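Okay, query00.csv is below, CSV, C-alpha atoms:
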```csv
chain,number,residue,atom,x,y,z
A,1,MET,CA,136.5,89.4,89.1
A,2,PRO,CA,133.4,87.9,87.6
A,3,VAL,CA,130.4,87.9,90.0
A,4,GLU,CA,129.0,84.5,90.8
A,5,ARG,CA,125.2,84.6,90.4
A,6,LEU,CA,122.4,82.3,91.4
A,7,PRO,CA,119.6,82.1,88.8
A,8,THR,CA,116.2,83.0,90.2
A,9,GLY,CA,114.3,80.3,88.3
A,10,VAL,CA,112.5,83.0,86.3
A,11,GLY,CA,114.3,83.1,83.0
A,12,LYS,CA,113.5,86.5,81.8
A,13,LEU,CA,114.2,88.0,85.3
A,14,ASP,CA,117.7,86.5,85.1
A,15,GLU,CA,118.2,88.3,81.8
A,16,LEU,CA,117.3,91.6,83.5
A,17,LEU,CA,119.8,90.8,86.3
A,18,GLU,CA,122.9,89.7,84.3
A,19,GLY,CA,122.2,86.1,85.2
A,20,GLY,CA,120.6,86.2,88.7
A,21,PHE,CA,121.2,87.3,92.3
A,22,PRO,CA,124.9,87.7,93.2
A,23,ARG,CA,126.0,85.0,95.7
A,24,ASP,CA,125.6,85.8,99.4
A,25,PHE,CA,123.3,88.8,98.6
A,26,PHE,CA,120.3,89.7,100.8
A,27,VAL,CA,117.5,90.5,98.4
A,28,ALA,CA,114.0,91.9,99.3
A,29,ALA,CA,110.9,91.4,97.2
A,30,THR,CA,108.4,94.0,98.3
A,31,GLY,CA,104.9,94.9,97.4
A,32,GLU,CA,101.2,94.4,98.1
A,33,PRO,CA,99.6,91.0,98.6
A,34,GLY,CA,98.8,89.0,95.4
A,35,THR,CA,101.5,90.5,93.3
A,36,GLY,CA,103.7,87.5,92.8
A,37,LYS,CA,106.3,87.7,95.6
A,38,THR,CA,105.7,84.1,96.9
A,39,VAL,CA,105.8,82.7,93.4
A,40,LEU,CA,109.2,84.3,92.9
A,41,CYS,CA,110.3,82.7,96.2
A,42,ILE,CA,109.1,79.3,95.1
A,43,SER,CA,110.8,79.6,91.8
A,44,PHE,CA,114.1,80.7,93.5
A,45,ILE,CA,114.0,77.6,95.8
A,46,ASN,CA,113.1,75.3,93.0
A,47,GLN,CA,116.1,76.5,90.9
A,48,GLY,CA,118.2,75.7,94.0
A,49,ILE,CA,116.8,72.2,94.1
A,50,ILE,CA,117.7,71.8,90.4
A,51,GLU,CA,121.3,73.1,91.0
A,52,GLU,CA,121.7,70.9,94.2
A,53,ASP,CA,122.0,73.8,96.6
A,54,ARG,CA,121.0,73.6,100.2
A,55,ASN,CA,117.5,75.1,100.3
A,56,ILE,CA,115.5,76.5,103.3
A,57,TYR,CA,112.0,78.0,103.0
A,58,VAL,CA,110.6,79.8,106.0
A,59,THR,CA,106.9,80.5,105.7
A,60,THR,CA,105.1,82.7,108.2
A,61,GLU,CA,101.8,83.4,106.5
A,62,GLU,CA,101.0,80.1,104.9
A,63,SER,CA,101.4,76.5,106.0
A,64,ARG,CA,104.1,74.1,104.9
A,65,SER,CA,101.5,72.1,103.0
A,66,SER,CA,100.2,75.2,101.2
A,67,ILE,CA,103.7,76.0,99.9
A,68,VAL,CA,104.1,72.4,98.7
A,69,GLU,CA,100.8,72.5,96.9
A,70,GLN,CA,101.5,75.9,95.3
A,71,ALA,CA,104.8,74.6,94.0
A,72,SER,CA,103.1,71.5,92.5
A,73,GLN,CA,100.7,73.8,90.5
A,74,PHE,CA,103.8,75.2,88.8
A,75,GLY,CA,105.3,71.8,88.1
A,76,MET,CA,107.7,71.9,91.0
A,77,ASP,CA,108.0,68.8,93.3
A,78,PHE,CA,108.9,70.2,96.8
A,79,ARG,CA,107.7,67.0,98.5
A,80,ALA,CA,110.3,64.9,96.7
A,81,ALA,CA,113.0,67.5,97.5
A,82,MET,CA,112.1,67.4,101.2
A,83,ASP,CA,112.1,63.6,101.2
A,84,SER,CA,115.6,63.5,99.6
A,85,GLY,CA,117.1,66.1,102.0
A,86,ARG,CA,117.5,68.9,99.5
A,87,LEU,CA,114.8,71.2,101.0
A,88,ILE,CA,113.6,72.1,104.5
A,89,ILE,CA,110.4,74.1,105.0
A,90,VAL,CA,110.2,75.9,108.3
A,91,ASP,CA,106.5,76.5,109.2
A,92,ALA,CA,105.9,79.5,111.5
A,93,LEU,CA,102.1,79.4,111.1
A,94,MET,CA,100.7,76.1,112.1
A,95,ARG,CA,102.7,75.3,115.3
A,96,GLU,CA,102.7,71.6,114.5
A,97,GLU,CA,104.7,69.1,116.5
A,98,ASN,CA,107.5,69.1,113.9
A,99,PRO,CA,111.3,69.7,114.3
A,100,TRP,CA,111.0,72.4,111.6
A,101,THR,CA,108.2,74.4,113.1
A,102,LEU,CA,108.8,77.9,114.5
A,103,ARG,CA,107.0,78.2,117.8
A,104,ARG,CA,107.3,82.0,118.2
A,105,LEU,CA,107.8,84.9,115.8
A,106,GLU,CA,111.0,86.0,117.3
A,107,VAL,CA,114.1,86.8,115.3
A,108,GLU,CA,116.5,84.9,117.6
A,109,GLU,CA,114.4,81.7,117.3
A,110,LEU,CA,114.2,82.2,113.5
A,111,ILE,CA,118.0,82.5,113.2
A,112,GLU,CA,118.6,79.5,115.4
A,113,LYS,CA,116.1,77.4,113.4
A,114,VAL,CA,117.6,78.4,110.1
A,115,LEU,CA,121.1,77.5,111.3
A,116,ASP,CA,119.9,74.1,112.6
A,117,ALA,CA,118.4,73.5,109.1
A,118,LYS,CA,121.6,74.4,107.4
A,119,ARG,CA,123.6,72.1,109.6
A,120,ASN,CA,121.1,69.3,108.8
A,121,LEU,CA,121.4,69.9,105.0
A,122,GLY,CA,125.2,70.0,105.2
A,123,ARG,CA,127.9,72.3,103.8
A,124,GLY,CA,127.6,74.0,100.5
A,125,ARG,CA,126.0,76.9,98.7
A,126,ALA,CA,122.7,77.7,100.3
A,127,ARG,CA,119.5,79.5,99.4
A,128,LEU,CA,117.1,80.9,102.1
A,129,VAL,CA,113.7,82.3,101.7
A,130,ILE,CA,111.8,84.1,104.5
A,131,ASP,CA,108.2,84.7,103.4
A,132,SER,CA,107.5,87.1,104.9
A,133,LEU,CA,109.9,89.0,107.1
A,134,SER,CA,107.2,91.6,107.9
A,135,ALA,CA,105.5,89.1,110.2
A,136,PHE,CA,108.4,89.6,112.8
A,137,TRP,CA,107.6,93.3,113.3
A,138,LEU,CA,103.9,93.8,112.6
A,139,ASP,CA,103.4,94.9,116.2
A,140,LYS,CA,106.6,96.9,116.4
A,141,PRO,CA,107.4,98.4,113.0
A,142,ALA,CA,110.2,100.6,114.4
A,143,MET,CA,112.3,97.4,114.9
A,144,ALA,CA,112.2,96.6,111.1
A,145,ARG,CA,115.7,97.9,110.3
A,146,LYS,CA,117.3,96.4,113.4
A,147,TYR,CA,115.8,93.0,112.8
A,148,SER,CA,116.7,93.0,109.1
A,149,TYR,CA,120.3,94.0,109.9
A,150,GLN,CA,120.6,91.3,112.6
A,151,ILE,CA,119.4,88.6,110.3
A,152,LYS,CA,121.7,89.7,107.4
A,153,ARG,CA,124.8,90.0,109.7
A,154,VAL,CA,124.4,86.6,111.2
A,155,LEU,CA,123.5,84.6,108.1
A,156,ALA,CA,126.2,86.3,106.0
A,157,LYS,CA,128.7,83.9,107.7
A,158,TRP,CA,126.9,80.8,106.5
A,159,ASP,CA,127.0,81.1,102.7
A,160,PHE,CA,123.4,82.0,102.3
A,161,THR,CA,121.9,83.9,99.4
A,162,VAL,CA,118.7,85.3,101.0
A,163,LEU,CA,115.4,86.3,99.5
A,164,VAL,CA,112.9,87.8,101.9
A,165,THR,CA,109.5,89.2,101.2
A,166,SER,CA,108.1,92.4,102.8
A,167,GLN,CA,104.5,93.3,102.7
A,168,TYR,CA,102.9,96.6,101.6
A,169,ALA,CA,99.4,97.7,102.6
A,170,ILE,CA,96.8,97.4,99.9
A,171,THR,CA,95.1,100.7,100.9
A,172,THR,CA,98.2,102.9,101.1
A,173,SER,CA,100.9,100.9,99.3
A,174,ALA,CA,103.0,101.8,102.4
A,175,ALA,CA,105.5,99.4,104.1
A,176,PHE,CA,104.7,97.8,107.4
A,177,GLY,CA,107.9,99.1,108.9
A,178,TRP,CA,110.8,100.7,107.1
A,179,GLY,CA,114.2,99.1,107.3
A,180,VAL,CA,114.6,96.0,105.1
A,181,GLU,CA,115.0,98.1,102.0
A,182,HIS,CA,117.9,100.0,103.5
A,183,VAL,CA,119.6,96.8,104.6
A,184,ALA,CA,119.0,94.8,101.4
A,185,ASP,CA,121.6,94.4,98.6
A,186,GLY,CA,118.8,94.2,96.1
A,187,ILE,CA,115.1,95.3,95.9
A,188,ILE,CA,112.5,93.9,93.6
A,189,ARG,CA,109.3,95.9,93.9
A,190,PHE,CA,106.0,94.3,92.9
A,191,LYS,CA,103.0,96.5,92.1
A,192,ARG,CA,99.3,95.9,91.2
A,193,VAL,CA,96.7,98.1,89.5
A,194,VAL,CA,93.3,97.5,88.0
A,195,ARG,CA,92.9,98.7,84.4
A,196,GLY,CA,89.8,98.1,82.3
A,197,GLY,CA,88.4,96.0,85.1
A,198,ILE,CA,91.4,93.6,85.0
A,199,LEU,CA,94.1,93.1,87.7
A,200,ARG,CA,97.5,93.7,86.3
A,201,ARG,CA,100.8,93.0,88.0
A,202,TYR,CA,104.1,94.7,87.5
A,203,LEU,CA,107.8,94.2,88.6
A,204,LEU,CA,110.5,96.8,88.9
A,205,ILE,CA,114.2,96.1,89.9
A,206,GLU,CA,114.8,99.1,92.1
A,207,LYS,CA,118.2,98.1,93.3
A,208,MET,CA,120.8,95.3,92.8
A,209,ARG,CA,124.4,96.0,93.7
A,210,GLN,CA,127.2,94.8,91.4
A,211,THR,CA,124.6,94.5,88.6
A,212,ASP,CA,123.8,96.5,85.5
A,213,HIS,CA,120.1,95.7,85.8
A,214,SER,CA,117.1,96.8,83.9
A,215,LEU,CA,115.5,100.1,84.9
A,216,TYR,CA,112.1,99.5,83.2
A,217,LEU,CA,108.8,98.5,84.8
A,218,HIS,CA,107.8,95.1,83.5
A,219,GLU,CA,104.3,93.6,83.4
A,220,VAL,CA,104.2,90.0,84.9
A,221,ASN,CA,101.7,87.2,85.1
A,222,ILE,CA,101.3,84.1,87.2
A,223,ILE,CA,100.6,81.1,84.9
A,224,LYS,CA,99.6,77.6,86.1
A,225,GLY,CA,102.2,75.1,85.1
A,226,LYS,CA,104.9,77.8,84.6
A,227,GLY,CA,104.9,80.2,87.6
A,228,LEU,CA,106.0,83.8,87.3
A,229,VAL,CA,106.2,85.0,83.7
A,230,ILE,CA,107.6,88.4,82.7
A,231,LEU,CA,105.5,89.7,79.7
A,232,GLY,CA,107.7,92.7,78.8
A,233,PRO,CA,108.5,96.3,79.6
A,234,VAL,CA,105.7,98.8,80.0
A,235,GLN,CA,105.5,101.9,77.8
A,236,ALA,CA,105.4,105.3,79.5
A,237,ARG,CA,101.8,106.2,80.4
A,238,ARG,CA,100.3,109.6,81.0
A,239,GLU,CA,99.7,108.9,84.7
A,240,ASP,CA,103.4,108.2,85.1
A,241,ILE,CA,104.2,111.9,84.5
A,242,ALA,CA,101.0,113.8,85.0
A,243,LEU,CA,100.0,115.6,88.1
A,244,PRO,CA,97.1,114.2,90.1
A,245,GLY,CA,93.6,115.1,88.8
A,246,GLY,CA,92.8,117.2,91.8
A,247,VAL,CA,95.9,119.3,91.3
A,248,MET,CA,95.2,119.8,87.7
A,249,LYS,CA,91.7,120.9,88.4
A,250,ARG,CA,92.9,123.6,90.9
A,251,ILE,CA,95.5,124.9,88.4
A,252,ALA,CA,92.8,125.2,85.7
A,253,GLU,CA,90.4,127.0,88.1
A,254,GLY,CA,93.2,129.3,89.3
A,255,THR,CA,94.5,130.2,85.8
A,256,PRO,CA,91.7,132.7,84.9
A,257,ARG,CA,92.2,134.5,88.2
```
Mind turning the file's structure into structure tokens?
Amino acid sequence: MPVERLPTGVGKLDELLEGGFPRDFFVAATGEPGTGKTVLCISFINQGIIEEDRNIYVTTEESRSSIVEQASQFGMDFRAAMDSGRLIIVDALMREENPWTLRRLEVEELIEKVLDAKRNLGRGRARLVIDSLSAFWLDKPAMARKYSYQIKRVLAKWDFTVLVTSQYAITTSAAFGWGVEHVADGIIRFKRVVRGGILRRYLLIEKMRQTDHSLYLHEVNIIKGKGLVILGPVQARREDIALPGGVMKRIAEGTPR
């Protein structure tokens, strides 16, 4: 049977994924801050608006107005989509007096609010973004896997294709809690390095079930008026296969002995 796929809104990424995310999948975009995860989320929801899906965006680290403004910088009109009933943005940061505000960072309240939003939007194929899911376990990282599984299990019954973001620390590139990667049907890893004094961003599809996806690391950029743009695969570099400099030095010093 052919797999129904939801385009991500990033054309080149869809090519690397045989057309997009399989319907009803739970996909995690992981990586350090500033690597492009939120831009992917915005593109995914914008594509859902174009295709007349039911769209819900949960933001935990930025305000609702910030997400709308970012979308506008990429030529995406989230305000019009909200006014026409094709998009609901659930704000978990500002605690405004608004029916789509999350008062507490608790998984049970998140699920309840998302289901309320889905009922409001009506039946049909739905897209959900949670940006970021890490906010729900920052003070209890051991709960990451349980919370991720709980969210996936409940929402799977409601025809959601889910894209969540998960933060990695800048200093160590380690996850704030392990679990979402094990639960996810797909993992897109974002990376960042500074080369020649320039910040460079990369994307790697580490996992996507039911998909013959690309295994190459791709360089990406964020361009005003366009959004996330994949520049192309990265050639193998010496640092990808070489031992760390300190190890090489000790080997060299020990060789004469």
Practice task
Do a neighbour search on stretch 124-137 of chain A at 9 Å with all atoms listed in the file, toss out local chain neighbours closer than 4 positions, and write the hits as number ranges by chain.
Solution key: A: 6, 23-24, 37-38, 41-42, 44-45, 48, 52-62, 105-107, 114, 118, 141-144, 147-148, 158-167, 175-177, 180
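Compared by their closest atoms to A:Leu155, and using only C-alpha atoms, the residues A:Ile187, A:Ala92, A:Ala28, A:Leu115 rank with A:Leu115 nearest.
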Exercise for the section: Could you check how far atom CA of A:Val220 sits from atom CA of A:Gly11, in Å to one decimal? Expected result: 12.4 Å
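Rounded to one decimal, atom CA of A:Asp185 and atom CA of A:Val3 lie 13.9 Å from each other.
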Fill in the blank from the handout: Expressed in Å, the length from atom CA of A:Val39 to atom CA of A:Gly227 is 6.4 Å
Who sits within 7 Å of stretch 196-208 of chain A, all atoms listed in the file, same chain under 4 positions skipped, as a short mmCIF file (atom, residue, chain, number, x, y, z; two decimals) with C-alpha atoms, in the frame of the given file:
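part.cif written:
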```cif
data_model
loop_
_atom_site.label_atom_id
_atom_site.label_comp_id
_atom_site.auth_asym_id
_atom_site.auth_seq_id
_atom_site.Cartn_x
_atom_site.Cartn_y
_atom_site.Cartn_z
CA THR A 35 101.50 90.50 93.30
CA ASP A 185 121.60 94.40 98.60
CA GLY A 186 118.80 94.20 96.10
CA ILE A 187 115.10 95.30 95.90
CA ILE A 188 112.50 93.90 93.60
CA ARG A 189 109.30 95.90 93.90
CA PHE A 190 106.00 94.30 92.90
CA LYS A 191 103.00 96.50 92.10
CA ARG A 192 99.30 95.90 91.20
CA SER A 214 117.10 96.80 83.90
CA LEU A 215 115.50 100.10 84.90
CA TYR A 216 112.10 99.50 83.20
CA LEU A 217 108.80 98.50 84.80
CA HIS A 218 107.80 95.10 83.50
CA GLU A 219 104.30 93.60 83.40
CA VAL A 220 104.20 90.00 84.90
CA ASN A 221 101.70 87.20 85.10
#
```
Neighbours of A:Arg64 within 12 Å (only C-alpha atoms; same-chain residues fewer than 3 positions away dropped), as a compact mmCIF listing (two decimals) with C-alpha atoms, keeping the file's coordinate frame?
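For reference, around26.txt as written:
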```
# COMPACT_ATOMS: atom_id res chain seq x y z
CA ILE A 56 115.50 76.50 103.30
CA TYR A 57 112.00 78.00 103.00
CA VAL A 58 110.60 79.80 106.00
CA THR A 59 106.90 80.50 105.70
CA THR A 60 105.10 82.70 108.20
CA GLU A 61 101.80 83.40 106.50
CA ILE A 67 103.70 76.00 99.90
CA VAL A 68 104.10 72.40 98.70
CA GLU A 69 100.80 72.50 96.90
CA GLN A 70 101.50 75.90 95.30
CA ALA A 71 104.80 74.60 94.00
CA PHE A 78 108.90 70.20 96.80
CA ARG A 79 107.70 67.00 98.50
CA MET A 82 112.10 67.40 101.20
CA LEU A 87 114.80 71.20 101.00
CA ILE A 88 113.60 72.10 104.50
CA ILE A 89 110.40 74.10 105.00
CA VAL A 90 110.20 75.90 108.30
CA ASP A 91 106.50 76.50 109.20
CA ALA A 92 105.90 79.50 111.50
CA LEU A 93 102.10 79.40 111.10
CA MET A 94 100.70 76.10 112.10
CA ARG A 95 102.70 75.30 115.30
CA GLU A 96 102.70 71.60 114.50
CA ASN A 98 107.50 69.10 113.90
CA TRP A 100 111.00 72.40 111.60
CA THR A 101 108.20 74.40 113.10
CA LEU A 102 108.80 77.90 114.50
CA ASP A 131 108.20 84.70 103.40
```
Anything within 8 Å of (124.7, 91.0, 103.7): list those residues as a JSON list (two decimals) with C-alpha atoms, in the coordinates of the input, counting all atoms listed in the file and sticking to the file's coordinates.
```json
[["chain", "number", "residue", "atom", "x", "y", "z"],
["A", 24, "ASP", "CA", 125.60, 85.80, 99.40],
["A", 25, "PHE", "CA", 123.30, 88.80, 98.60],
["A", 26, "PHE", "CA", 120.30, 89.70, 100.80],
["A", 152, "LYS", "CA", 121.70, 89.70, 107.40],
["A", 153, "ARG", "CA", 124.80, 90.00, 109.70],
["A", 155, "LEU", "CA", 123.50, 84.60, 108.10],
["A", 156, "ALA", "CA", 126.20, 86.30, 106.00],
["A", 183, "VAL", "CA", 119.60, 96.80, 104.60],
["A", 184, "ALA", "CA", 119.00, 94.80, 101.40],
["A", 185, "ASP", "CA", 121.60, 94.40, 98.60]]
```
Completion exercise
Among A:Gln73, A:Gln47, A:Thr30, A:Ser66, A:Lys224 is approached most closely, using only C-alpha atoms, by A:Gln73
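Take the candidates A:Phe21, A:Leu16, A:Ile222, A:Ile151 and check each one against A:Arg209 using only C-alpha atoms; the shortest distance goes to A:Phe21.
Counting all atoms listed in the file and comparing A:Ser43, A:Pro233, A:Gly85, A:Asp77, the residue that lies closest to A:Asn120 is A:Gly85.
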